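> One structure, as structure tokens, below. Some questions next.
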Amino acid sequence: MQIRPMSKATRPLLVGLSFIVGALLAPALTVAETPSPPANAQGSGPPRAVIEMFTSQGCSDCPAADALLKRYLDQKNIVGLTLPVDYWDYLGWKDTLAGGRNADRQREYAERFGIGTVYTPQAVVNGAVEVIGSRESEIDRAINATETALASSRVPVHFWHYGNSVIIETGAAAHDSEPKEATIWLAVVQKRVEVAVKGGENKGKTLTYYNVVRELTPVGVWNGRPATIRLARADIMRPETEELVVLIQEASTGPIIGAARLGD
């Protein structure tokens, strides 16, 4: 699929942050109420990379990238997210998983990277580098480069179940770093989805997607100090979703400096 220019118009993803946080967060934990992370809490060590794959059911070049993401997901130290977009729907098939916010997020990345357009398949690695999503060698180079560049900025994240709640605990900034304010994102993920495509460039194919983001919501702001967030599990999970991923990302689409995932 040829890359076509798209409008740069975006809507700020952090508009209404205080409202969203207020709606999602349970009452803040006091020190006495804060449970210690269990031994199996996720996130004791930072993942090498977070790969965001922007893809579409209406893009003939995307199935190869979707399969490639699965290979990265098989590595335990990689967090991979599929973010389906809707701007190819006019080609004859409406993407059944796409959400407008995914395209907005991609446009914010395009503006920050100075590439002037959005396209699929696109992989954004650690929020810091964008590459064509079907090119394994480019993704590998981006992982190695960003892992090194962000090493001194990494923020520890622990993420675990506690009764009917999910608890996110973030560490402090490293002593020798100058922390930038960061968004704490919560991604609600469906691990595997099969779609029979009946129109467009992939007509007649059954496509498989992994770690599909069904919701990506800001749930807090990290400012260099330790933080604890408690969420009611029933308020954030959908019937079809099976995993949660937390990201700490400078601004809203800057480098990702912390991440952890939590499955059933």
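By convention in this document, the chains of the structure tokens carry letters A, B, ... by their order, each chain's residues are numbered from 1, and ligands are numbered from 1 in the order they are shown.
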Report the closest atom pair, with its distance in Å rounded to one decimal, for each residue of range 87-111 of chain A that has an atom no farther than 12 Å from range 208-229 of chain A; count only C-alpha atoms, sort by chain and then rising residue number, and write it as CSV.


```
residue,atom,partner,partner_atom,distance
A:Thr96,CA,A:Arg214,CA,11.3
A:Leu97,CA,A:Arg214,CA,7.8
A:Ala98,CA,A:Arg214,CA,8.6
A:Gly99,CA,A:Arg214,CA,8.1
A:Gly100,CA,A:Glu215,CA,11.1
A:Arg101,CA,A:Leu216,CA,8.4
A:Asn102,CA,A:Leu216,CA,8.6
A:Asp104,CA,A:Leu216,CA,11.8
A:Arg105,CA,A:Leu216,CA,10.0
```

> Give me the residues of range 175-259 of chain A that have any atom at most 10 Å from an atom of range 137-148 of chain A; for each, the nearest atom pair and the distance in Å, rounded to one decimal. Use only C-alpha atoms, sort by chain and number, and format it as a Markdown table.


```
| residue | atom | partner | partner_atom | distance |
| --- | --- | --- | --- | --- |
| A:Pro255 | CA | A:Thr146 | CA | 8.9 |
| A:Ile256 | CA | A:Thr146 | CA | 9.7 |
| A:Ile257 | CA | A:Glu147 | CA | 9.8 |
```

> Would you export the selected residues with C-alpha atoms as a short mmCIF file (atom, residue, chain, number, x, y, z; two decimals), in the first residue's frame, please?


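Contents of selection27.cif, freshly written:
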```
data_model
loop_
_atom_site.label_atom_id
_atom_site.label_comp_id
_atom_site.auth_asym_id
_atom_site.auth_seq_id
_atom_site.Cartn_x
_atom_site.Cartn_y
_atom_site.Cartn_z
CA PRO A 255 9.86 8.40 25.07
CA ILE A 256 8.42 5.51 27.09
CA ILE A 257 10.48 5.29 30.27
#
```

> Just give me the gap between CA of Pro84 in chain A and CA of Phe54 in chain A in Å, one decimal is fine.

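Result for CA of Pro84 in chain A versus CA of Phe54 in chain A: 5.7 Å, one decimal.
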
> Could you check the closest approach to Ala234 in chain A for each of A:His161, A:Arg135, A:Lys76, A:Arg112 and tell me which residue wins, using only C-alpha atoms?

A:His161

> Please produce, as a tab-separated table, a per-residue contact table for range 51-130 of chain A versus range 179-188 of chain A (criterion: any atom at most 12 Å away, only C-alpha atoms considered), showing the nearest atom pair and its distance in Å to one decimal, sorted by chain then residue number.


```
residue	atom	partner	partner_atom	distance
A:Glu52	CA	A:Ala187	CA	11.5
A:Val79	CA	A:Ala187	CA	11.4
A:Gly80	CA	A:Ala187	CA	11.1
A:Leu81	CA	A:Ala187	CA	8.7
A:Thr82	CA	A:Ala187	CA	10.6
A:Leu83	CA	A:Ala187	CA	10.5
A:Asn102	CA	A:Ala187	CA	11.7
```

> Go ahead and save the picked residues with all heavy atoms, as a PDB file, in the first residue's frame.


```pdb
ATOM      1  N   GLU A  52       4.721  -0.362  19.562  1.00  0.00           N
ATOM      2  CA  GLU A  52       3.345  -0.040  19.192  1.00  0.00           C
ATOM      3  C   GLU A  52       3.218  -0.240  17.685  1.00  0.00           C
ATOM      4  O   GLU A  52       3.915   0.423  16.909  1.00  0.00           O
ATOM      5  CB  GLU A  52       3.012   1.399  19.554  1.00  0.00           C
ATOM      6  CG  GLU A  52       3.036   1.677  21.052  1.00  0.00           C
ATOM      7  CD  GLU A  52       2.833   3.152  21.346  1.00  0.00           C
ATOM      8  OE1 GLU A  52       1.696   3.645  21.215  1.00  0.00           O
ATOM      9  OE2 GLU A  52       3.832   3.825  21.679  1.00  0.00           O
ATOM     10  N   VAL A  79       7.251  -5.719  25.282  1.00  0.00           N
ATOM     11  CA  VAL A  79       5.827  -5.408  25.374  1.00  0.00           C
ATOM     12  C   VAL A  79       5.382  -4.950  23.990  1.00  0.00           C
ATOM     13  O   VAL A  79       5.934  -4.003  23.426  1.00  0.00           O
ATOM     14  CB  VAL A  79       5.556  -4.299  26.410  1.00  0.00           C
ATOM     15  CG1 VAL A  79       4.094  -3.865  26.365  1.00  0.00           C
ATOM     16  CG2 VAL A  79       5.919  -4.778  27.807  1.00  0.00           C
ATOM     17  N   GLY A  80       4.404  -5.645  23.425  1.00  0.00           N
ATOM     18  CA  GLY A  80       3.901  -5.297  22.102  1.00  0.00           C
ATOM     19  C   GLY A  80       2.433  -4.945  22.155  1.00  0.00           C
ATOM     20  O   GLY A  80       1.656  -5.594  22.864  1.00  0.00           O
ATOM     21  N   LEU A  81       2.039  -3.912  21.418  1.00  0.00           N
ATOM     22  CA  LEU A  81       0.655  -3.457  21.380  1.00  0.00           C
ATOM     23  C   LEU A  81       0.236  -3.240  19.939  1.00  0.00           C
ATOM     24  O   LEU A  81       0.957  -2.618  19.159  1.00  0.00           O
ATOM     25  CB  LEU A  81       0.493  -2.143  22.157  1.00  0.00           C
ATOM     26  CG  LEU A  81       0.844  -2.172  23.647  1.00  0.00           C
ATOM     27  CD1 LEU A  81       0.833  -0.757  24.210  1.00  0.00           C
ATOM     28  CD2 LEU A  81      -0.133  -3.057  24.414  1.00  0.00           C
ATOM     29  N   THR A  82      -0.946  -3.740  19.585  1.00  0.00           N
ATOM     30  CA  THR A  82      -1.524  -3.502  18.265  1.00  0.00           C
ATOM     31  C   THR A  82      -2.551  -2.381  18.370  1.00  0.00           C
ATOM     32  O   THR A  82      -3.465  -2.451  19.187  1.00  0.00           O
ATOM     33  CB  THR A  82      -2.203  -4.779  17.742  1.00  0.00           C
ATOM     34  OG1 THR A  82      -1.213  -5.785  17.513  1.00  0.00           O
ATOM     35  CG2 THR A  82      -2.938  -4.515  16.442  1.00  0.00           C
ATOM     36  N   LEU A  83      -2.376  -1.354  17.534  1.00  0.00           N
ATOM     37  CA  LEU A  83      -3.301  -0.214  17.532  1.00  0.00           C
ATOM     38  C   LEU A  83      -3.894  -0.061  16.132  1.00  0.00           C
ATOM     39  O   LEU A  83      -3.309   0.602  15.264  1.00  0.00           O
ATOM     40  CB  LEU A  83      -2.581   1.072  17.954  1.00  0.00           C
ATOM     41  CG  LEU A  83      -2.123   1.073  19.421  1.00  0.00           C
ATOM     42  CD1 LEU A  83      -0.623   0.828  19.510  1.00  0.00           C
ATOM     43  CD2 LEU A  83      -2.491   2.370  20.112  1.00  0.00           C
ATOM     44  N   ASN A 102      -6.692   5.818  18.214  1.00  0.00           N
ATOM     45  CA  ASN A 102      -5.423   5.239  17.756  1.00  0.00           C
ATOM     46  C   ASN A 102      -4.821   6.083  16.641  1.00  0.00           C
ATOM     47  O   ASN A 102      -3.611   6.332  16.619  1.00  0.00           O
ATOM     48  CB  ASN A 102      -5.639   3.804  17.268  1.00  0.00           C
ATOM     49  CG  ASN A 102      -6.034   2.854  18.375  1.00  0.00           C
ATOM     50  OD1 ASN A 102      -5.866   3.151  19.556  1.00  0.00           O
ATOM     51  ND2 ASN A 102      -6.578   1.708  18.010  1.00  0.00           N
TER      52      ASN A 102
END
```

> Between A:Val125, A:Val197, A:Ala103, A:Ala232, which one has atoms that come closest to Ser165 in chain A, using only C-alpha atoms?

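Among the listed residues, A:Ala232 lies closest to Ser165 in chain A.
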